[in-house]
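File shown: model.txt. Contents: compact mmCIF, C-alpha atoms.
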# COMPACT_ATOMS: atom_id res chain seq x y z
CA MET A 1 164.86 180.41 -69.13
CA ALA A 2 162.82 182.16 -66.46
CA SER A 3 159.90 179.87 -67.24
CA GLU A 4 162.03 176.91 -66.15
CA LEU A 5 161.72 178.19 -62.58
CA ARG A 6 158.20 176.75 -62.39
CA THR A 7 158.11 174.03 -59.76
CA PRO A 8 157.46 170.39 -60.74
CA LEU A 9 154.82 170.19 -57.99
CA THR A 10 152.63 172.69 -59.83
CA GLN A 11 152.98 170.72 -63.04
CA ARG A 12 151.93 167.44 -61.43
CA THR A 13 148.95 168.65 -59.43
CA GLY A 14 147.58 171.58 -61.41
CA SER A 15 144.80 172.03 -63.95
CA SER A 16 144.75 170.18 -67.24
CA PHE A 17 144.87 171.99 -70.58
CA LEU A 18 141.10 171.72 -71.11
CA LYS A 19 140.26 172.86 -67.57
CA ALA A 20 142.61 175.82 -67.95
CA CYS A 21 140.88 176.71 -71.24
CA PHE A 22 137.50 176.51 -69.50
CA ASN A 23 138.69 178.68 -66.60
CA THR A 24 140.10 181.27 -68.99
CA THR A 25 136.90 181.39 -71.05
CA ASN A 26 134.80 181.60 -67.88
CA ALA A 27 136.88 184.56 -66.71
CA PHE A 28 136.13 186.57 -69.86
CA LEU A 29 132.60 185.49 -70.80
CA GLY A 30 130.09 187.38 -68.68
CA ILE A 31 127.39 190.03 -68.64
CA GLY A 32 129.16 191.81 -71.49
CA LEU A 33 127.34 189.30 -73.70
CA LEU A 34 124.06 191.11 -72.99
CA THR A 35 125.39 194.57 -73.87
CA VAL A 36 127.49 193.82 -76.94
CA PRO A 37 124.56 194.17 -79.43
CA TYR A 38 123.88 197.62 -77.92
CA ALA A 39 127.57 198.43 -78.27
CA LEU A 40 127.41 197.53 -81.97
CA SER A 41 124.28 199.63 -82.44
CA SER A 42 126.04 202.57 -80.75
CA GLY A 43 129.04 202.50 -83.07
CA GLY A 44 127.66 200.92 -86.24
CA TRP A 45 128.99 197.99 -88.27
CA LEU A 46 132.45 199.50 -88.78
CA SER A 47 132.94 199.63 -85.01
CA LEU A 48 133.53 195.86 -85.18
CA LEU A 49 137.04 196.76 -86.36
CA LEU A 50 137.55 198.36 -82.96
CA PHE A 51 136.12 195.24 -81.30
CA PHE A 52 138.82 193.14 -82.97
CA LEU A 53 141.44 195.72 -82.00
CA VAL A 54 140.35 195.51 -78.34
CA ALA A 55 140.46 191.70 -78.49
CA ALA A 56 143.96 191.69 -80.01
CA MET A 57 145.32 194.20 -77.51
CA THR A 58 143.88 192.47 -74.46
CA PHE A 59 145.24 189.13 -75.71
CA SER A 60 148.67 190.76 -75.97
CA THR A 61 148.47 192.17 -72.44
CA GLY A 62 147.51 188.69 -71.20
CA LEU A 63 150.79 187.42 -72.64
CA LEU A 64 152.61 190.30 -70.92
CA LEU A 65 151.23 189.09 -67.59
CA LYS A 66 152.64 185.64 -68.36
CA THR A 67 156.08 187.17 -68.90
CA CYS A 68 155.81 188.96 -65.54
CA LEU A 69 154.96 185.65 -63.86
CA ASP A 70 157.97 183.97 -65.44
CA ALA A 71 160.26 186.63 -63.98
CA ASP A 72 159.65 185.50 -60.37
CA PRO A 73 158.39 182.04 -59.31
CA SER A 74 157.02 183.47 -56.05
CA ILE A 75 154.36 185.47 -57.93
CA ARG A 76 150.98 183.74 -57.73
CA ASN A 77 148.34 186.35 -58.66
CA TYR A 78 147.63 189.78 -60.13
CA LEU A 79 148.29 191.63 -56.86
CA ASP A 80 151.64 189.87 -56.47
CA ILE A 81 152.63 191.19 -59.90
CA SER A 82 151.67 194.73 -58.85
CA GLU A 83 153.76 194.43 -55.68
CA ARG A 84 156.72 193.00 -57.61
CA ALA A 85 156.55 195.97 -59.99
CA PHE A 86 155.67 198.88 -57.72
CA GLY A 87 155.98 197.71 -54.12
CA LYS A 88 153.36 197.58 -51.37
CA LYS A 89 151.91 200.98 -52.30
CA GLY A 90 151.39 199.73 -55.84
CA ARG A 91 149.68 196.63 -54.49
CA LEU A 92 147.35 198.78 -52.36
CA ILE A 93 146.43 201.05 -55.29
CA VAL A 94 145.75 198.10 -57.59
CA SER A 95 143.67 196.44 -54.86
CA ILE A 96 141.53 199.59 -54.58
CA ILE A 97 141.08 199.66 -58.38
CA MET A 98 140.04 196.00 -58.50
CA ASN A 99 137.64 196.30 -55.56
CA SER A 100 136.07 199.44 -57.04
CA GLU A 101 135.42 197.55 -60.27
CA LEU A 102 133.85 194.65 -58.36
CA TYR A 103 131.63 197.06 -56.42
CA LEU A 104 130.33 198.72 -59.59
CA VAL A 105 129.77 195.35 -61.27
CA ALA A 106 127.72 194.30 -58.22
CA ILE A 107 125.53 197.39 -58.74
CA GLY A 108 125.20 196.40 -62.40
CA LEU A 109 124.06 192.91 -61.40
CA LEU A 110 121.22 194.37 -59.31
CA ILE A 111 120.17 196.64 -62.19
CA LEU A 112 120.30 193.63 -64.52
CA GLU A 113 118.03 191.65 -62.20
CA GLY A 114 115.60 194.54 -61.74
CA ASP A 115 115.33 195.29 -65.48
CA ASN A 116 114.67 191.71 -66.52
CA LEU A 117 112.18 190.97 -63.74
CA HIS A 118 110.36 194.20 -64.59
CA LYS A 119 110.13 193.02 -68.21
CA LEU A 120 108.50 189.77 -67.08
CA PHE A 121 106.14 191.50 -64.62
CA PRO A 122 105.68 195.07 -65.92
CA LYS A 123 102.70 195.90 -63.67
CA PHE A 124 104.37 194.93 -60.41
CA LEU A 125 105.15 197.60 -57.80
CA ILE A 126 105.35 197.91 -54.02
CA ARG A 127 103.07 200.17 -51.98
CA LEU A 128 103.90 200.95 -48.35
CA GLY A 129 101.18 203.29 -47.13
CA THR A 130 101.54 206.45 -49.20
CA LEU A 131 104.93 205.36 -50.53
CA THR A 132 104.98 203.72 -53.98
CA ILE A 133 108.15 202.01 -55.18
CA PRO A 134 108.25 201.60 -58.99
CA GLY A 135 108.56 198.15 -60.55
CA MET A 136 112.25 198.11 -61.44
CA GLN A 137 113.32 199.48 -58.05
CA SER A 138 110.94 197.05 -56.32
CA PHE A 139 112.62 194.12 -58.01
CA VAL A 140 116.08 195.44 -57.06
CA ILE A 141 114.99 195.39 -53.40
CA ILE A 142 113.49 191.90 -53.76
CA ALA A 143 116.67 190.65 -55.46
CA ALA A 144 118.73 192.07 -52.59
CA LEU A 145 116.57 190.18 -50.08
CA VAL A 146 117.11 186.95 -52.04
CA ILE A 147 120.86 187.61 -52.17
CA LEU A 148 121.05 188.55 -48.47
CA PRO A 149 121.65 185.01 -47.08
CA SER A 150 124.62 184.47 -49.42
CA MET A 151 126.19 187.69 -48.10
CA LEU A 152 126.22 186.15 -44.60
CA LEU A 153 128.28 183.15 -45.69
CA THR A 154 131.97 182.97 -44.93
CA ASP A 155 132.54 179.93 -47.17
CA LEU A 156 131.45 180.69 -50.73
CA GLY A 157 132.71 177.42 -52.20
CA ILE A 158 129.25 176.31 -53.35
CA LEU A 159 128.57 179.62 -55.07
CA SER A 160 131.98 179.41 -56.71
CA TYR A 161 131.01 176.14 -58.38
CA VAL A 162 127.62 177.52 -59.44
CA SER A 163 129.24 180.67 -60.82
CA ALA A 164 131.64 178.52 -62.82
CA THR A 165 128.70 177.54 -65.03
CA GLY A 166 128.94 181.02 -66.55
CA VAL A 167 130.25 179.69 -69.88
CA PHE A 168 127.26 177.39 -70.28
CA SER A 169 124.85 180.14 -69.22
CA CYS A 170 126.26 182.46 -71.88
CA LEU A 171 125.98 179.78 -74.56
CA ILE A 172 122.37 179.04 -73.53
CA ILE A 173 121.52 182.75 -73.79
CA LEU A 174 123.17 183.03 -77.22
CA VAL A 175 121.37 179.96 -78.60
CA SER A 176 118.05 181.16 -77.15
CA VAL A 177 118.41 184.59 -78.76
CA VAL A 178 119.21 182.97 -82.12
CA CYS A 179 116.09 180.80 -81.76
CA VAL A 180 113.96 183.90 -81.08
CA GLY A 181 115.18 185.41 -84.35
CA ALA A 182 114.87 182.24 -86.38
CA ILE A 183 111.70 180.69 -84.98
CA ASN A 184 109.60 183.35 -83.25
CA GLY A 185 109.11 185.67 -86.21
CA VAL A 186 111.60 188.41 -85.29
CA GLY A 187 113.94 187.62 -88.17
CA PHE A 188 117.35 189.07 -89.03
CA SER A 189 116.37 191.83 -91.44
CA ALA A 190 117.46 194.99 -89.59
CA LYS A 191 120.17 196.80 -91.55
CA GLY A 192 121.55 199.16 -88.93
CA LYS A 193 124.07 201.94 -89.54
CA LEU A 194 127.48 201.60 -91.15
CA LEU A 195 129.08 204.06 -88.72
CA ASN A 196 127.87 206.26 -85.87
CA VAL A 197 130.81 208.45 -84.87
CA GLY A 198 129.02 209.93 -81.85
CA GLY A 199 128.49 206.47 -80.36
CA ILE A 200 132.06 205.20 -80.81
CA PRO A 201 133.20 206.05 -77.22
CA THR A 202 130.27 204.11 -75.74
CA ALA A 203 130.80 201.21 -78.16
CA VAL A 204 134.51 200.93 -77.36
CA SER A 205 133.88 201.12 -73.59
CA LEU A 206 131.36 198.29 -73.80
CA TYR A 207 133.66 196.24 -76.06
CA ILE A 208 136.38 196.65 -73.45
CA VAL A 209 134.04 195.28 -70.74
CA CYS A 210 133.88 192.04 -72.74
CA PHE A 211 137.59 191.40 -72.04
CA ALA A 212 137.74 192.17 -68.34
CA GLY A 213 139.21 188.93 -66.99
CA HIS A 214 142.89 189.84 -66.69
CA PRO A 215 143.06 189.77 -62.86
CA VAL A 216 142.21 186.04 -63.13
CA VAL A 217 144.87 185.26 -65.77
CA PRO A 218 147.82 184.82 -63.36
CA SER A 219 145.82 182.41 -61.19
CA VAL A 220 144.96 180.28 -64.23
CA TYR A 221 148.62 180.22 -65.26
CA THR A 222 150.02 179.26 -61.86
CA SER A 223 147.40 176.50 -61.46
CA MET A 224 148.30 174.69 -64.70
CA GLN A 225 149.97 171.28 -64.87
CA ASP A 226 152.01 172.48 -67.83
CA PRO A 227 152.48 176.29 -67.75
CA TYR A 228 154.42 176.11 -71.03
CA GLN A 229 151.08 175.64 -72.82
CA PHE A 230 149.58 178.80 -71.34
CA SER A 231 149.89 180.79 -74.58
CA LYS A 232 147.76 178.16 -76.33
CA VAL A 233 145.29 178.21 -73.43
CA LEU A 234 144.97 181.99 -73.62
CA LEU A 235 144.56 181.89 -77.40
CA SER A 236 141.88 179.19 -77.13
CA GLY A 237 139.99 181.11 -74.43
CA PHE A 238 140.15 184.36 -76.37
CA THR A 239 139.03 182.66 -79.58
CA VAL A 240 135.93 181.16 -77.96
CA THR A 241 135.18 184.43 -76.14
CA THR A 242 135.61 186.59 -79.24
CA ILE A 243 133.47 184.33 -81.43
CA THR A 244 130.71 184.19 -78.80
CA TYR A 245 130.61 187.97 -78.28
CA LEU A 246 130.83 188.61 -82.02
CA SER A 247 127.98 186.19 -82.74
CA MET A 248 125.73 187.82 -80.15
CA ALA A 249 126.57 191.32 -81.41
CA ILE A 250 125.77 190.49 -85.04
CA VAL A 251 122.66 188.42 -84.30
CA GLY A 252 121.23 191.00 -81.89
CA TYR A 253 121.90 193.91 -84.23
CA LEU A 254 120.40 192.07 -87.23
CA MET A 255 117.31 191.30 -85.14
CA TYR A 256 116.59 194.73 -83.66
CA GLY A 257 118.87 197.24 -85.41
CA ASP A 258 119.09 200.64 -83.75
CA THR A 259 116.18 199.79 -81.42
CA VAL A 260 118.24 197.21 -79.52
CA GLU A 261 118.13 197.79 -75.76
CA SER A 262 121.10 198.08 -73.41
CA GLN A 263 120.46 194.41 -72.55
CA ILE A 264 119.41 192.22 -75.46
CA THR A 265 117.01 190.29 -73.18
CA LEU A 266 114.88 193.45 -72.79
CA ASN A 267 114.03 193.22 -76.51
CA LEU A 268 112.91 189.59 -76.43
CA PRO A 269 109.17 188.85 -76.69
CA THR A 270 107.66 187.44 -73.51
CA GLY A 271 105.54 184.32 -73.74
CA LYS A 272 107.96 182.56 -76.11
CA VAL A 273 109.84 179.57 -74.70
CA SER A 274 113.22 180.45 -76.21
CA ALA A 275 112.93 184.07 -75.01
CA GLU A 276 112.00 183.05 -71.49
CA VAL A 277 114.89 180.56 -71.37
CA ALA A 278 117.26 183.45 -72.16
CA ILE A 279 115.64 185.77 -69.61
CA TYR A 280 115.48 183.24 -66.77
CA THR A 281 119.07 182.16 -67.43
CA THR A 282 120.06 185.82 -67.22
CA LEU A 283 118.21 186.14 -63.89
CA LEU A 284 120.42 183.44 -62.37
CA ILE A 285 123.62 185.41 -63.04
CA PRO A 286 123.16 188.09 -60.33
CA ILE A 287 121.97 185.56 -57.74
CA THR A 288 125.03 183.34 -58.21
CA ARG A 289 127.68 186.03 -58.70
CA TYR A 290 126.72 188.96 -56.46
CA ALA A 291 128.24 187.61 -53.23
CA LEU A 292 131.36 186.50 -55.08
CA MET A 293 131.76 190.05 -56.43
CA LEU A 294 131.46 191.79 -53.07
CA THR A 295 133.29 189.32 -50.80
CA PRO A 296 136.77 190.53 -51.94
CA VAL A 297 135.59 194.12 -51.35
CA ALA A 298 134.44 193.22 -47.84
CA ASN A 299 137.71 191.38 -47.18
CA GLY A 300 139.67 194.40 -48.34
CA ILE A 301 137.79 196.66 -45.92
CA GLU A 302 138.26 194.16 -43.08
CA SER A 303 142.01 194.00 -43.70
CA GLY A 304 142.24 197.70 -42.86
CA LEU A 305 140.52 197.34 -39.48
CA PRO A 306 142.40 197.22 -36.16
CA GLU A 307 143.46 193.70 -35.15
CA ASN A 308 140.82 193.55 -32.39
CA TYR A 309 137.99 193.84 -34.93
CA LYS A 310 139.27 191.89 -37.97
CA ASN A 311 137.81 188.55 -36.93
CA TRP A 312 134.77 189.84 -35.05
CA ARG A 313 131.76 188.35 -36.87
CA PRO A 314 129.30 191.21 -36.08
CA ILE A 315 131.70 193.63 -37.78
CA LYS A 316 132.00 191.30 -40.81
CA ILE A 317 128.22 191.11 -41.11
CA LEU A 318 127.83 194.87 -40.66
CA ILE A 319 130.33 195.55 -43.46
CA ARG A 320 128.54 193.17 -45.83
CA MET A 321 125.12 194.61 -44.99
CA ALA A 322 126.44 198.13 -45.58
CA LEU A 323 127.83 197.08 -48.97
CA LEU A 324 124.55 195.40 -49.94
CA LEU A 325 122.47 198.39 -48.84
CA SER A 326 124.68 200.91 -50.62
CA THR A 327 124.58 198.97 -53.91
CA VAL A 328 120.78 198.71 -53.67
CA VAL A 329 120.48 202.48 -53.16
CA LEU A 330 122.80 203.26 -56.09
CA ALA A 331 121.05 200.73 -58.36
CA CYS A 332 117.71 202.39 -57.58
CA VAL A 333 118.98 205.97 -57.99
CA PHE A 334 121.06 205.36 -61.14
CA PRO A 335 119.33 202.47 -62.96
CA HIS A 336 121.28 202.89 -66.21
CA PHE A 337 122.99 199.57 -66.92
CA GLU A 338 124.70 200.57 -70.18
CA SER A 339 126.23 203.76 -68.73
CA LEU A 340 127.45 201.97 -65.61
CA MET A 341 129.07 199.19 -67.66
CA ALA A 342 130.64 201.78 -69.96
CA ILE A 343 132.17 203.51 -66.92
CA VAL A 344 133.47 200.17 -65.66
CA GLY A 345 135.04 199.53 -69.06
CA SER A 346 136.51 202.96 -69.68
CA ILE A 347 138.07 203.34 -66.22
CA PHE A 348 138.65 200.07 -64.43
CA VAL A 349 138.97 197.54 -67.26
CA VAL A 350 141.19 199.95 -69.21
CA LEU A 351 143.45 200.08 -66.16
CA ALA A 352 143.41 196.35 -65.31
CA SER A 353 143.48 194.96 -68.85
CA PHE A 354 145.35 197.61 -70.87
CA LEU A 355 147.53 199.99 -68.87
CA LEU A 356 148.64 198.08 -65.78
CA PRO A 357 149.84 194.89 -67.58
CA CYS A 358 151.96 197.10 -69.86
CA LEU A 359 153.39 199.08 -66.95
CA PHE A 360 154.03 195.88 -64.97
CA TYR A 361 155.94 194.41 -67.89
CA LEU A 362 157.98 197.54 -68.54
CA LYS A 363 158.93 197.82 -64.87
CA ILE A 364 159.68 194.15 -64.18
CA SER A 365 161.58 193.59 -67.43
CA ASP A 366 163.38 196.94 -66.98
CA SER A 367 162.37 197.92 -70.51
CA TYR A 368 162.35 201.57 -69.41
CA ASN A 369 166.12 201.55 -69.77
CA GLN A 370 166.34 199.53 -72.98
CA SER A 371 166.40 200.76 -76.56
CA TRP A 372 163.19 200.88 -78.53
CA SER A 373 162.09 197.61 -80.12
CA TYR A 374 158.98 196.47 -81.98
CA LYS A 375 157.61 195.05 -78.73
CA THR A 376 158.19 198.28 -76.83
CA ILE A 377 156.56 200.27 -79.62
CA GLY A 378 153.56 197.91 -79.56
CA ILE A 379 153.26 198.26 -75.78
CA THR A 380 153.44 202.03 -76.08
CA GLY A 381 150.67 201.88 -78.68
CA ILE A 382 148.46 199.86 -76.31
CA ILE A 383 149.07 202.41 -73.55
CA ILE A 384 148.15 205.31 -75.87
CA VAL A 385 145.02 203.60 -77.24
CA GLY A 386 143.92 202.54 -73.75
CA THR A 387 144.43 206.04 -72.35
CA VAL A 388 142.50 207.71 -75.17
CA ALA A 389 139.67 205.14 -74.94
CA GLY A 390 139.54 205.58 -71.18
CA ILE A 391 139.37 209.38 -71.27
CA PHE A 392 136.74 209.67 -73.99
CA GLY A 393 134.75 206.68 -72.75
CA THR A 394 134.62 208.04 -69.20
CA TRP A 395 133.59 211.49 -70.38
CA PHE A 396 130.75 210.24 -72.58
CA SER A 397 129.58 207.62 -70.07
CA ILE A 398 129.35 210.09 -67.17
CA ALA A 399 127.61 212.60 -69.44
CA GLN A 400 125.02 209.96 -70.42
CA LEU A 401 124.55 208.94 -66.80
CA VAL A 402 123.94 212.53 -65.72
CA ASP A 403 121.55 213.20 -68.62
CA GLY A 404 119.67 209.96 -67.97
CA SER A 405 119.22 210.62 -64.25

Could you render the structure as structure tokens?
Amino acid sequence: MASELRTPLTQRTGSSFLKACFNTTNAFLGIGLLTVPYALSSGGWLSLLLFFLVAAMTFSTGLLLKTCLDADPSIRNYLDISERAFGKKGRLIVSIIMNSELYLVAIGLLILEGDNLHKLFPKFLIRLGTLTIPGMQSFVIIAALVILPSMLLTDLGILSYVSATGVFSCLIILVSVVCVGAINGVGFSAKGKLLNVGGIPTAVSLYIVCFAGHPVVPSVYTSMQDPYQFSKVLLSGFTVTTITYLSMAIVGYLMYGDTVESQITLNLPTGKVSAEVAIYTTLLIPITRYALMLTPVANGIESGLPENYKNWRPIKILIRMALLLSTVVLACVFPHFESLMAIVGSIFVVLASFLLPCLFYLKISDSYNQSWSYKTIGITGIIIVGTVAGIFGTWFSIAQLVDGS
């Protein structure tokens, strides 16, 4: 009955079923596509069972967010749900969690750009007098200079449309990688390991990164013409996402086995058309998404400023330049893409996609005070699995990052 509170205006003017499916898929398909073969190599073939478990659990928590939205027609986004459940302090904490994730993903985008450009031009470096900047770090700095103008924009509408091509970019990368294996002599003969227990925490953390779109789910729901079809939209989006990630994981692991790099594009042979299509498509991702990642972070910082400074453009520019500079420094000092993404998965995605949706639902539906049911038991199981995955994933990821640096 709560779902009947949806306004007719939203139904008449919102997104169609197909557009909602596209938006949902676009929210979940991302740079996790490049790391999922490495995740499979870390855990072995049997770790795919955990991949399916992560997919099933995150689909379930997506449906929990829908239930929270149905409880109050004034709720429009993920932060509104957090405020409805835990008040303004809860909204502030969730905002910090989301912005921290975006900040770390922005660092990952710079590392991604630097790694792939360095693969294309391995001999490149920058010399400034007696100072020599290695190739990867040089490309991070160059990428930042290319990105700089977009950080000065206040209207990111154009970049939003470009970034929305993410689904097509991921499909192009997948098809290109398959072509490298089938046409360019790499083949699909690597056997890999059945199970690597020591790599399970890393594998699970990277699998979790693949399903990191939950903060977008409420916005997709509230924008639909017919919100009653949202469950089908979510199922369709998750099906496409899961099949795409699974295909890339299997193809990449069959091609390179345990030698697969943290980004599948780093394994591809240069000089081959299909390989270069994949690499150059990958290079577009940071350019189109970096500013979109950091703008909410900048806005969050600006919202905490005194009223006299909130709308002062020099302050806005200074904040954005400081964010850009800090991410460049961190990308150069800790250039370990797989460890950074594993940390993002084990801390921030576990919170946003596993734990918080469960806690929101329990609080808003008042299930704390109700007797145990199958649904409550299932939610408790998701909380336990998410907590364990988060703790072990964080521990192993930080340990790898420290060892690698």

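Using all atoms listed in the file, the protein and nucleic acid residues lying no more than 12 Å from A:Gly44, apart from those fewer than 6 places from it along its own chain, are Val36, Pro37, Tyr38, Leu50, Phe51, Lys191, Gly192, Lys193, Leu194, Leu195, Asn196, Val197, Gly198, Gly199, Ile200, Pro201, Thr202, Ala203, Val204, Ala249, Ile250, Tyr253, Leu254, Gly257 and Asp258 of chain A.
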
* Please provide the set of residues having any atom within 12 Å of A:Thr387, restricted to all atoms listed in the file, with same-chain residues fewer than 5 positions apart removed, written as a VMD selection string. => chain A and resid 205 345 to 351 353 to 356 358 380 to 382 392 to 394

Selection from above, C-alpha atoms, as a PDB file, in the frame of the given file, can you write it?
ATOM      1  CA  SER A 205     133.880 201.120 -73.590  1.00  0.00           C
ATOM      2  CA  GLY A 345     135.040 199.530 -69.060  1.00  0.00           C
ATOM      3  CA  SER A 346     136.510 202.960 -69.680  1.00  0.00           C
ATOM      4  CA  ILE A 347     138.070 203.340 -66.220  1.00  0.00           C
ATOM      5  CA  PHE A 348     138.650 200.070 -64.430  1.00  0.00           C
ATOM      6  CA  VAL A 349     138.970 197.540 -67.260  1.00  0.00           C
ATOM      7  CA  VAL A 350     141.190 199.950 -69.210  1.00  0.00           C
ATOM      8  CA  LEU A 351     143.450 200.080 -66.160  1.00  0.00           C
ATOM      9  CA  SER A 353     143.480 194.960 -68.850  1.00  0.00           C
ATOM     10  CA  PHE A 354     145.350 197.610 -70.870  1.00  0.00           C
ATOM     11  CA  LEU A 355     147.530 199.990 -68.870  1.00  0.00           C
ATOM     12  CA  LEU A 356     148.640 198.080 -65.780  1.00  0.00           C
ATOM     13  CA  CYS A 358     151.960 197.100 -69.860  1.00  0.00           C
ATOM     14  CA  THR A 380     153.440 202.030 -76.080  1.00  0.00           C
ATOM     15  CA  GLY A 381     150.670 201.880 -78.680  1.00  0.00           C
ATOM     16  CA  ILE A 382     148.460 199.860 -76.310  1.00  0.00           C
ATOM     17  CA  PHE A 392     136.740 209.670 -73.990  1.00  0.00           C
ATOM     18  CA  GLY A 393     134.750 206.680 -72.750  1.00  0.00           C
ATOM     19  CA  THR A 394     134.620 208.040 -69.200  1.00  0.00           C
TER      20      THR A 394
END

The residue from A:Val105, A:Ala27, A:Val220, A:Ala399 with the smallest atom-to-atom distance to A:Val297, counting only C-alpha atoms, is A:Val105

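Taking atom CA of A:Asn311 and atom CA of A:Ala298 as the two end points, the separation is 12.3 Å.
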
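Ranking A:Pro149, A:Leu40, A:Thr24, A:Ala212 by their shortest atom-to-atom distance to A:Ala55, with all atoms listed in the file included, puts A:Ala212 first.
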
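Distance check against A:Ser47 using only C-alpha atoms: of A:Val178, A:Leu401, A:Leu246, A:Leu325, the minimum falls on A:Leu246.
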
From the list A:Leu79, A:Ile111, A:Cys170, A:Leu125, the nearest residue to A:Ser262 using only C-alpha atoms is A:Ile111

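Taking atom CA of A:Gly114 and atom CA of A:Ser138 as endpoints, the distance between them is 7.6 Å.
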
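Residue nearest A:Leu33, chosen from A:Val329, A:Val385, A:Ile379, A:Ile243 and counting only C-alpha atoms: A:Ile243.
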
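Between A:Thr281 and the residues A:Ser176, A:Ser339, A:Ser16, A:Asn308, the shortest atom-to-atom distance, using all atoms listed in the file, involves A:Ser176.
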
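Rounded to one decimal, atom CA of A:Val167 and atom CA of A:Asp115 lie 22.0 Å from each other.
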
Hey, what's within 12 Å of A:Glu83 if we count all atoms listed in the file and toss same-chain stuff fewer than 3 positions away? As a list in words, please?
Cys68, Asp72, Ser74, Ile75, Arg76, Asn77, Tyr78, Leu79, Asp80, Phe86, Gly87, Lys88, Lys89, Gly90, Arg91, Leu92, Ile93, Val94, Ser95, Leu356, Phe360, Lys363 and Ile364 of chain A

Problem - Residue contacts of A:Tyr245 (12 Å, all atoms listed in the file) excluding same-chain residues fewer than 5 positions away, as a ChimeraX atom specification - result: /A:25,28-40,48,51-52,55,167,170-171,173-174,206-211,238-240,250-252

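Look at A:Thr327: the protein and nucleic acid residues within 10 Å of it, using all atoms listed in the file and passing over chain neighbours fewer than 5 places away, are Tyr103, Leu104, Val105, Ala106, Ile107, Gly108, Leu109, Leu110, Ile111, Val140, Ala144, Leu294, Met321, Ala322, Cys332 and Val333 of chain A.
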